[in-house]
Amino acid sequence: MMKIFAAPLQGYTDKEFRNAHFSQIGGIEEYYTPFLRLEQGEIREKELSDVDKKRNLSPATVPQILVKNGEELAFFAEKLWNFAGWERMDINFGCPHVPVVKRGYGAGVLEEKNAVKSVLDALVKFPHIHFSVKCRLPEKDEKILQIFQEYALEKIVLHPRKASLQYKGTADKEAFARFLAYGGKNPVVYNGDIHTLEDVPENCEMLMLGRGLLRDPLLARKIAGEKFTIEEENLLYRNFHSTYVKNILSGTKKAEEKLPKLKLFWEYFLLHKEKKIRKKILKSRSFEEYKNYTEELFADF
Ligand SMILES: Cc1cc2nc3c(=O)[nH]c(=O)nc-3n(C[C@H](O)[C@H](O)[C@H](O)COP(=O)(O)O)c2cc1C
């Protein structure tokens, strides 16, 4: 049975999205949060609130952290353990954003064997926490990834694309196969460009879905073999959307202020299904317009 995880996407998969998905759709083994990072030595309140256990419906939520050395790893491990007792954490070695990489974070860590080791050597100090890593292909030396198999990790998620490619071209499934064939004790998860069952690489038992799941929140269940009638799909999408909107608006007096956030969601949502009304939703000038267009879309399905 294939295990399917939900990828972190900064700006898209916050707790409002994860909670709506978990409660209305499911089919996901674990939800990874967008990365938490240090800003002037601290974690921002908003980011911390996203990983508050009381505000996350799925107990299988994995906070992700952006660190470049053992000291920072230790800071996050202690902080998140004390804050909410998180026993699972994921380390981001994949962010391709140029300023992040230049500062030696994200995919930048993969260019320095000693930096990778500095982070991973610190893990033994936290035997009560299970760590995983999420990475891209290094620019220079693919073999660097093999270090991950020397440490006790919950899993290694590989998005087989170099950071310099950002999201261009296609994910390199052959590079993934090479890493899988290298073997080792830690399970390896494939991530990148999965939109249908046909996109899943051979011999792959663990998958992480990103943009594919944003487009079609039912993708994990479809890959697992479930079939849906048009009516069933429509109802699930509709309920998922209304729960997401409710989550986004909760605690807000002015729905208008949340319009940009809701529009962002539609950059991917149902991209595979509908074009015309989606475009109108993306251009809506008020929450009222937004509501009318989304209702029109679901009625039209
Ligand atoms: C807008 C955006 C934000 C992302 N934020 C994160 C993040 O916070 N942490 C992370 O590890 N990956 C992040 N990613 C990468 C995705 O998790 C995933 O690895 C990548 O999109 C490839 O998978 P996909 O083709 O299934 O989307 C982000 C990607 C996008 C497009």
# chains A, B, ... in the order shown; residues from 1 in each chain; ligands from 1
call {"tool": "residues_near_ligand", "arguments": {"ligand": "ligand 1", "cutoff": "10 Å", "atoms": "only C-alpha atoms and all ligand atoms", "output": "VMD selection string"}}
result
chain A and resid 6 to 14 32 to 37 63 to 66 90 to 97 106 to 107 133 to 136 157 to 161 166 to 167 170 to 171 190 to 195 207 to 215 264
call {"tool": "select_by_dssp", "arguments": {"residues": "region 68-148 of chain A", "states": "strand (DSSP E)", "output": "ChimeraX atom specification"}}
result
/A:88-93,130-137
call {"tool": "residues_around", "arguments": {"residues": "region 21-25 of chain A", "least_positions_apart": "2", "cutoff": "8 Å", "atoms": "only C-alpha atoms", "output": "PyMOL selection string"}}
result
chain A and resi 17-19+27-28+57-58+217-218+236+239-240+243
call {"tool": "closest_residue", "arguments": {"among": "A:Glu205, A:Asp199, A:Glu288, A:Glu47", "to": "Leu219 (chain A)", "atoms": "only C-alpha atoms"}}
result
A:Asp199
call {"tool": "closest_residue", "arguments": {"among": "A:His128, A:Lys185, A:Lys258, A:Lys291", "to": "Tyr151 (chain A)", "atoms": "only C-alpha atoms"}}
result
A:Lys185
call {"tool": "select_by_dssp", "arguments": {"residues": "region 66-273 of chain A", "states": "alpha helix (DSSP H)", "output": "PyMOL selection string"}}
result
chain A and resi 70-84+98-102+113-121+173-182+211-215+219-223+230-249+259-265
call {"tool": "residues_around", "arguments": {"residues": "Glu231 (chain A)", "least_positions_apart": "4", "cutoff": "12 Å", "atoms": "only C-alpha atoms", "output": "number ranges by chain"}}
result
A: 227, 235-238, 298-301
call {"tool": "write_last_selection", "arguments": {"atoms": "C-alpha atoms", "output": "compact mmCIF listing (two decimals), in the first residue's frame"}}
result
# COMPACT_ATOMS: atom_id res chain seq x y z
CA LYS A 227 -12.92 6.24 -7.93
CA LEU A 235 -19.49 17.68 -3.26
CA LEU A 236 -16.04 16.96 -1.81
CA TYR A 237 -14.44 19.95 -3.56
CA ARG A 238 -17.30 22.17 -2.47
CA PHE A 298 -19.70 24.72 -8.18
CA ALA A 299 -23.20 25.01 -9.60
CA ASP A 300 -21.78 24.74 -13.10
CA PHE A 301 -19.75 21.58 -12.57
call {"tool": "decode", "arguments": {"residues": "region 55-67 of chain A", "atoms": "N, CA, C and O atoms", "output": "compact mmCIF listing (two decimals), in the first residue's frame"}}
result
# COMPACT_ATOMS: atom_id res chain seq x y z
N ARG A 55 -4.19 23.82 17.41
CA ARG A 55 -4.84 24.38 16.21
C ARG A 55 -4.67 23.50 14.98
O ARG A 55 -5.02 23.89 13.87
N ASN A 56 -4.05 22.35 15.15
CA ASN A 56 -3.87 21.43 14.03
C ASN A 56 -4.71 20.18 14.25
O ASN A 56 -4.51 19.48 15.25
N LEU A 57 -5.61 19.92 13.34
CA LEU A 57 -6.52 18.77 13.53
C LEU A 57 -5.81 17.43 13.36
O LEU A 57 -6.11 16.48 14.06
N SER A 58 -4.89 17.35 12.40
CA SER A 58 -4.24 16.06 12.19
C SER A 58 -3.11 15.87 13.19
O SER A 58 -2.19 16.68 13.26
N PRO A 59 -3.16 14.76 13.96
CA PRO A 59 -2.05 14.49 14.87
C PRO A 59 -0.78 14.16 14.08
O PRO A 59 0.33 14.26 14.61
N ALA A 60 -0.95 13.78 12.81
CA ALA A 60 0.23 13.47 11.98
C ALA A 60 0.65 14.71 11.20
O ALA A 60 0.64 14.74 9.97
N THR A 61 0.97 15.76 11.93
CA THR A 61 1.47 17.00 11.32
C THR A 61 2.95 17.09 11.63
O THR A 61 3.37 16.78 12.75
N VAL A 62 3.74 17.45 10.63
CA VAL A 62 5.19 17.49 10.84
C VAL A 62 5.71 18.91 10.60
O VAL A 62 5.69 19.39 9.46
N PRO A 63 6.15 19.59 11.66
CA PRO A 63 6.70 20.94 11.45
C PRO A 63 8.02 20.85 10.70
O PRO A 63 8.83 19.95 10.97
N GLN A 64 8.21 21.77 9.74
CA GLN A 64 9.48 21.77 9.01
C GLN A 64 10.32 22.97 9.44
O GLN A 64 9.78 24.05 9.68
N ILE A 65 11.64 22.75 9.51
CA ILE A 65 12.53 23.83 9.95
C ILE A 65 13.63 24.10 8.93
O ILE A 65 14.07 23.20 8.22
N LEU A 66 14.04 25.37 8.88
CA LEU A 66 15.09 25.79 7.96
C LEU A 66 16.32 26.12 8.82
O LEU A 66 16.32 27.13 9.53
N VAL A 67 17.33 25.25 8.78
CA VAL A 67 18.52 25.45 9.61
C VAL A 67 19.78 25.18 8.80
O VAL A 67 19.73 24.44 7.82
